[in-house]
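For reference, coords38.txt (compact mmCIF, C-alpha atoms and all ligand atoms):
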```txt
# COMPACT_ATOMS: atom_id res chain seq x y z
CA MET A 1 -5.64 -17.74 -7.88
CA VAL A 2 -2.54 -17.53 -5.75
CA GLY A 3 -2.12 -21.28 -6.07
CA SER A 4 -2.03 -21.01 -9.82
CA ILE A 5 0.78 -18.46 -9.73
CA ARG A 6 2.73 -20.69 -7.41
CA ALA A 7 2.14 -23.73 -9.59
CA LEU A 8 3.33 -21.86 -12.66
CA ILE A 9 6.47 -20.68 -10.96
CA PHE A 10 7.31 -24.05 -9.53
CA SER A 11 6.92 -25.53 -12.97
CA SER A 12 9.74 -23.27 -14.16
CA PRO A 13 12.70 -24.67 -12.25
CA THR A 14 15.31 -22.17 -13.41
CA LEU A 15 13.33 -19.27 -12.03
CA ILE A 16 13.00 -19.94 -8.34
CA SER A 17 14.21 -22.79 -6.25
CA PRO A 18 11.52 -24.39 -4.12
CA ILE A 19 13.77 -24.14 -1.08
CA MET A 20 12.25 -21.83 1.57
CA SER A 21 13.79 -18.41 1.07
CA SER A 22 14.22 -15.94 3.89
CA ILE A 23 11.56 -13.81 2.21
CA SER A 24 9.03 -16.61 2.44
CA ILE A 25 9.98 -17.29 6.06
CA ASN A 26 9.63 -13.58 6.87
CA LEU A 27 6.28 -13.43 5.10
CA GLN A 28 4.98 -16.29 7.19
CA ALA A 29 6.14 -14.55 10.36
CA VAL A 30 4.45 -11.28 9.34
CA ARG A 31 1.23 -13.11 8.51
CA GLN A 32 1.40 -14.72 11.92
CA GLN A 33 1.84 -11.29 13.55
CA ILE A 34 -1.22 -10.05 11.67
CA VAL A 35 -3.27 -13.01 12.87
CA GLN A 36 -2.17 -12.41 16.47
CA ALA A 37 -2.83 -8.67 16.38
CA ALA A 38 -6.24 -9.31 14.83
CA GLN A 39 -7.05 -11.75 17.61
CA LEU A 40 -6.04 -9.17 20.19
CA ALA A 41 -8.27 -6.62 18.46
CA ASP A 42 -11.14 -9.08 18.27
CA ARG A 43 -11.15 -8.78 14.50
CA SER A 44 -10.95 -11.33 11.72
CA PHE A 45 -7.49 -11.42 10.15
CA THR A 46 -9.21 -11.64 6.79
CA GLU A 47 -10.11 -7.94 7.13
CA ILE A 48 -6.43 -7.03 6.98
CA GLN A 49 -4.53 -7.01 3.70
CA LEU A 50 -0.77 -7.33 3.73
CA LEU A 51 0.93 -4.98 1.28
CA ALA A 52 4.55 -6.04 0.73
CA VAL A 53 6.62 -2.87 0.28
CA SER A 54 9.30 -3.82 -2.25
CA LYS A 55 11.00 -0.43 -2.76
CA ASN A 56 14.77 -0.77 -3.14
CA PHE A 57 14.41 -4.50 -3.77
CA ASP A 58 14.55 -6.02 -7.23
CA ALA A 59 12.16 -8.07 -9.32
CA ALA A 60 13.75 -11.32 -8.10
CA ALA A 61 12.82 -10.43 -4.52
CA VAL A 62 9.26 -9.67 -5.63
CA LEU A 63 9.11 -13.05 -7.37
CA GLU A 64 10.23 -14.79 -4.22
CA ALA A 65 7.37 -13.15 -2.38
CA VAL A 66 4.95 -14.08 -5.17
CA ASN A 67 6.21 -17.61 -4.90
CA ALA A 68 5.28 -17.51 -1.22
CA GLY A 69 1.73 -16.45 -2.07
CA GLN A 70 2.04 -12.64 -1.86
CA THR A 71 0.06 -10.75 -4.51
CA ALA A 72 -0.04 -7.06 -3.43
CA PHE A 73 3.08 -4.91 -3.62
CA GLY A 74 3.79 -1.32 -2.61
CA GLU A 75 6.28 0.98 -4.35
CA ASN A 76 7.52 4.51 -3.62
CA TYR A 77 9.55 5.58 -6.64
CA VAL A 78 7.78 5.79 -9.99
CA GLN A 79 10.56 4.89 -12.40
CA GLU A 80 11.93 2.11 -10.22
CA ALA A 81 8.42 0.72 -9.90
CA VAL A 82 7.54 0.86 -13.60
CA ASP A 83 10.78 -0.92 -14.54
CA LYS A 84 10.24 -3.51 -11.82
CA ILE A 85 6.63 -4.19 -12.81
CA ALA A 86 7.79 -4.85 -16.37
CA ALA A 87 10.65 -7.07 -15.17
CA VAL A 88 8.32 -9.07 -12.94
CA GLN A 89 5.91 -9.55 -15.87
CA ARG A 90 8.77 -10.83 -18.02
CA MET A 91 10.04 -13.19 -15.35
CA LEU A 92 6.65 -14.62 -14.53
CA PRO A 93 5.75 -17.66 -16.60
CA HIS A 94 4.35 -16.81 -19.99
CA SER A 95 0.70 -16.72 -19.09
CA LYS A 96 -0.28 -13.09 -19.01
CA GLN A 97 -3.01 -13.87 -16.51
CA ALA A 98 -0.53 -14.76 -13.82
CA GLY A 99 0.96 -11.28 -14.01
CA ALA A 100 -2.41 -9.62 -14.04
CA GLU A 101 -3.20 -11.15 -10.67
CA LEU A 102 -0.54 -9.05 -9.01
CA GLU A 103 -1.76 -5.75 -7.56
CA TRP A 104 0.57 -2.74 -7.45
CA HIS A 105 0.05 0.11 -4.99
CA PHE A 106 1.82 3.45 -5.19
CA ILE A 107 2.61 4.70 -1.68
CA GLY A 108 5.29 7.39 -2.11
CA PRO A 109 5.22 11.18 -2.47
CA ILE A 110 3.82 12.21 -5.88
CA GLN A 111 5.29 14.81 -8.22
CA SER A 112 2.82 16.10 -10.77
CA ASN A 113 5.04 15.15 -13.72
CA LYS A 114 4.84 11.49 -12.62
CA THR A 115 1.08 11.13 -12.39
CA ARG A 116 0.63 9.65 -15.87
CA LEU A 117 2.90 6.69 -15.19
CA ILE A 118 1.18 6.13 -11.86
CA ALA A 119 -2.27 6.23 -13.49
CA GLN A 120 -1.13 3.73 -16.12
CA HIS A 121 0.62 1.18 -13.95
CA PHE A 122 -1.03 1.01 -10.54
CA ALA A 123 -4.30 -0.27 -9.08
CA TRP A 124 -4.08 1.85 -5.94
CA VAL A 125 -2.53 5.15 -4.83
CA HIS A 126 -2.24 5.67 -1.07
CA SER A 127 -0.50 9.02 -1.05
CA VAL A 128 -2.91 11.56 -2.54
CA ASP A 129 -2.74 14.77 -0.52
CA ARG A 130 -3.83 17.52 -2.89
CA LEU A 131 -6.46 18.15 -5.52
CA LYS A 132 -4.12 18.87 -8.41
CA ILE A 133 -2.59 15.40 -8.15
CA ALA A 134 -6.00 13.75 -7.88
CA GLU A 135 -7.27 15.62 -10.96
CA ARG A 136 -4.29 14.56 -13.02
CA LEU A 137 -4.59 10.92 -11.92
CA SER A 138 -8.26 10.90 -12.90
CA GLU A 139 -7.62 12.55 -16.28
CA GLN A 140 -4.71 10.26 -17.07
CA ARG A 141 -6.29 6.99 -15.98
CA PRO A 142 -6.55 4.89 -19.17
CA ALA A 143 -10.17 4.41 -20.25
CA ASN A 144 -9.82 0.63 -20.44
CA MET A 145 -8.75 0.31 -16.82
CA PRO A 146 -11.00 0.23 -13.74
CA PRO A 147 -11.10 3.38 -11.57
CA LEU A 148 -7.91 3.99 -9.61
CA ASN A 149 -8.39 3.23 -5.91
CA ILE A 150 -7.39 6.20 -3.78
CA CYS A 151 -6.44 6.81 -0.17
CA LEU A 152 -5.94 10.33 1.10
CA GLN A 153 -2.72 10.74 3.06
CA ILE A 154 -3.00 12.62 6.34
CA ASN A 155 0.05 14.07 8.07
CA ILE A 156 -0.53 13.57 11.77
CA SER A 157 2.92 14.66 12.82
CA GLU A 158 3.42 18.30 13.77
CA LYS A 159 6.23 18.54 11.25
CA GLN A 160 5.14 20.50 8.19
CA THR A 161 7.88 18.95 6.10
CA LYS A 162 6.29 15.51 6.07
CA SER A 163 4.02 14.58 3.21
CA GLY A 164 0.29 14.38 3.63
CA MET A 165 -2.32 17.05 4.18
CA HIS A 166 -3.35 18.45 7.54
CA ILE A 167 -6.23 16.46 9.00
CA SER A 168 -8.45 19.56 8.88
CA GLU A 169 -8.27 19.48 5.06
CA THR A 170 -9.61 15.94 4.80
CA VAL A 171 -13.32 16.66 4.46
CA GLN A 172 -12.83 19.06 1.57
CA LEU A 173 -10.37 16.89 -0.34
CA ALA A 174 -12.58 13.82 0.14
CA GLN A 175 -15.47 15.72 -1.43
CA GLN A 176 -13.34 16.84 -4.38
CA VAL A 177 -11.77 13.45 -5.02
CA ASN A 178 -15.11 11.71 -4.74
CA ALA A 179 -16.38 13.81 -7.64
CA LEU A 180 -13.59 12.76 -10.02
CA PRO A 181 -14.77 10.21 -12.58
CA HIS A 182 -11.83 7.82 -12.85
CA LEU A 183 -10.94 7.60 -9.19
CA ARG A 184 -12.57 5.58 -6.45
CA LEU A 185 -12.08 7.01 -2.99
CA ARG A 186 -11.41 4.08 -0.64
CA GLY A 187 -10.03 5.56 2.56
CA LEU A 188 -7.24 7.20 4.48
CA MET A 189 -3.52 6.62 4.92
CA ALA A 190 -0.98 7.85 7.46
CA ILE A 191 2.65 7.41 8.46
CA PRO A 192 2.97 8.53 12.09
CA GLU A 193 6.26 9.59 13.64
CA PRO A 194 8.04 6.59 15.14
CA THR A 195 7.31 6.26 18.86
CA ASP A 196 8.27 3.60 21.34
CA THR A 197 5.08 2.76 23.12
CA LEU A 198 2.05 0.96 21.83
CA GLU A 199 -0.18 3.58 23.48
CA LEU A 200 1.42 6.49 21.63
CA GLN A 201 1.31 4.59 18.36
CA ARG A 202 -2.36 3.86 18.90
CA GLU A 203 -3.17 7.52 19.62
CA SER A 204 -1.99 8.58 16.17
CA PHE A 205 -3.82 5.82 14.37
CA LYS A 206 -6.97 6.50 16.33
CA LYS A 207 -7.14 10.03 14.89
CA ILE A 208 -7.21 8.56 11.41
CA ARG A 209 -9.87 6.02 12.32
CA LEU A 210 -12.08 8.73 13.86
CA MET A 211 -11.69 10.81 10.70
CA GLN A 212 -12.83 7.84 8.63
CA GLU A 213 -15.83 7.36 10.91
CA GLN A 214 -16.71 11.02 10.57
CA LEU A 215 -16.62 10.81 6.78
CA ASN A 216 -18.70 7.64 6.75
CA GLN A 217 -21.27 9.34 8.96
CA GLN A 218 -21.43 12.05 6.32
CA GLY A 219 -22.41 9.44 3.76
CA TYR A 220 -19.11 8.17 2.38
CA ASN A 221 -18.49 4.48 2.14
CA LEU A 222 -14.80 4.29 2.96
CA ASP A 223 -13.61 0.76 3.63
CA THR A 224 -9.86 1.29 3.87
CA LEU A 225 -7.43 2.43 6.54
CA SER A 226 -3.87 2.13 5.22
CA MET A 227 -1.95 2.20 8.49
CA GLY A 228 0.91 0.28 10.04
CA MET A 229 4.43 -0.63 8.94
CA SER A 230 7.00 -3.11 10.24
CA ALA A 231 7.43 -1.29 13.56
CA ASP A 232 3.84 -0.33 14.40
CA MET A 233 1.68 -2.91 12.71
CA GLU A 234 0.13 -4.18 15.93
CA ALA A 235 -1.04 -0.74 17.08
CA ALA A 236 -2.46 -0.04 13.63
CA ILE A 237 -4.44 -3.27 13.58
CA LEU A 238 -5.76 -2.54 17.06
CA GLU A 239 -7.05 0.79 15.67
CA GLY A 240 -8.78 -0.73 12.68
CA SER A 241 -6.16 -0.84 9.93
CA THR A 242 -7.28 -2.74 6.82
CA ILE A 243 -4.00 -2.52 4.89
CA VAL A 244 -0.62 -2.83 6.59
CA ARG A 245 2.35 -1.72 4.48
CA VAL A 246 5.31 -3.86 5.45
CA GLY A 247 8.79 -3.64 3.91
CA THR A 248 11.69 -4.32 6.25
CA ALA A 249 10.06 -7.23 8.09
CA ILE A 250 9.60 -9.04 4.76
CA PHE A 251 12.55 -8.07 2.57
CA GLY A 252 15.11 -6.99 5.16
CA LYS A 253 16.88 -3.68 5.64
CA ARG A 254 16.95 -1.41 2.62
CA ASP A 255 20.29 -0.42 1.12
CA TYR A 256 19.91 3.17 -0.04
CA ALA A 257 23.51 3.32 -1.25
CA GLN A 258 22.61 1.51 -4.47
C1 LIG A 301 8.92 2.29 3.15
C2 LIG A 301 7.49 2.43 3.48
C3 LIG A 301 6.81 1.43 4.19
C4 LIG A 301 7.47 0.20 4.74
O1 LIG A 301 8.20 0.51 5.88
P1 LIG A 301 8.93 -0.61 6.76
O2 LIG A 301 9.29 0.09 8.00
O3 LIG A 301 10.11 -1.04 5.97
O4 LIG A 301 7.96 -1.71 6.97
C5 LIG A 301 5.46 1.62 4.41
N1 LIG A 301 4.80 2.71 3.97
C6 LIG A 301 5.43 3.68 3.29
C7 LIG A 301 4.64 4.85 2.83
C8 LIG A 301 6.78 3.58 3.03
O5 LIG A 301 7.39 4.57 2.37
```
Would it be possible to restate this file's structure as structure tokens?
Amino acid sequence: MVGSIRALIFSSPTLISPIMSSISINLQAVRQQIVQAAQLADRSFTEIQLLAVSKNFDAAAVLEAVNAGQTAFGENYVQEAVDKIAAVQRMLPHSKQAGAELEWHFIGPIQSNKTRLIAQHFAWVHSVDRLKIAERLSEQRPANMPPLNICLQINISEKQTKSGMHISETVQLAQQVNALPHLRLRGLMAIPEPTDTLELQRESFKKIRLMQEQLNQQGYNLDTLSMGMSADMEAAILEGSTIVRVGTAIFGKRDYAQ
């Protein structure tokens, strides 16, 4: 599948030069880090999906990553994402199938007036933290699309201002989301406060993993832990992460001035 995308892009010489870009070099390095962390955790690296977080980078950067074999992308801002998804589709070689192979994940805070666009354009949403948003996503999911994959976002920092629900609310929200027809509850997501040591990073992620185990003991079948970014990927993988969300280490530092 990935090979076919690459072949199509290489066959369109004006689009992307076959010279190794820094994005493809970075992607290889991140993949290598995932393999090493998995080894350390005594896990298979195939259990860990790399989500390339392309927020603040344009469609050309996404295409470079696609060219290097990346198929799953994470976005934080709805309008930016919807425009970029359309631009990527246009820039990909004509075959519609090639575009359909890309998988878009929404990972940012969600305002209720943006749920329709999210339901229409994404395969996954990692940042559901209240029922109202989940209900709207379910209602607004187009009937011809598969159920929207959902992770519940837990705020494990003490700061109330951060997004995500308190961990004590997880059981109830899981029950409610599980009952919604056009959503498929897949797991949990968290963004811990940055800390310096591997041990502290692992402590936060462990809380999320234990919560997932608790839910699965109650009869859920959650297969996803969306944990780990550029700076704490290793700790997350050691604690069972199945999706790492990596931006900076792939695309470089983000320029918020634009
Ligand atoms: C920006 C962002 C990332 C990527 O962070 P990096 O430190 O650039 O790897 C991951 N997850 C979420 C929710 C983000 O907003």
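Residue nearest ligand LIG 301 (chain A) within the list A:Glu169, A:Glu139, A:Asp232, A:Glu203: A:Asp232 [criterion: smallest interatomic distance, all atoms listed in the file].
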Within 10 Å of ligand LIG 301 (chain A) (all atoms listed in the file), residues as number ranges by chain: A: 51-56, 74-77, 106-109, 126-127, 153, 163, 189-191, 194, 226-233, 244-254
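Note that atom CA of A:Ile237 and atom CA of A:Ala119 are 28.8 Å apart.
Comparing A:Leu148, A:Gln111, A:Asp42, A:Val66 by their smallest distance to A:Lys132, the closest is A:Gln111 (using only C-alpha atoms).
Atom CA of A:Tyr220 to atom CA of A:Leu173 spans 12.6 Å [interatomic distance, one decimal].
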Contacts of A:Gly164 within 7 Å, all atoms listed in the file, excl. fewer than 4 positions in-chain, as a VMD selection string: chain A and resid 129 153 to 155
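Rounded to one decimal, atom CA of A:Ala87 and atom CA of A:Ala60 lie 8.8 Å from each other.
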Centre, edges in Å (one decimal): axis-aligned box, stretch 123-139 of chain A, 5 Å padding on all six sides, as AutoDock Vina command-line options:
```
--center_x -4.4 --center_y 9.3 --center_z -8.4 --size_x 17.8 --size_y 29.1 --size_z 25.8
```
Selection near A:Thr46, 10 Å with all atoms listed in the file, sequence-local residues under 4 positions removed, as number ranges by chain: A: 34-35, 38, 50, 242
Shell around stretch 181-185 of chain A at 12 Å using only C-alpha atoms, local window under 5 positions removed, as a ChimeraX atom specification: /A:119-120,122-128,133-153,173-176,212,215-216,220-225
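Counting all atoms listed in the file and comparing A:Glu193, A:Asp83, A:Glu239, A:Glu103, the residue that lies closest to A:Ala59 is A:Asp83.
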Long-range neighbours of A:Ile85 as a PyMOL selection string, 9 Å cut-off, all atoms listed in the file, 4 positions minimum in chain: chain A and resi 59+80-81+89-90+104+121
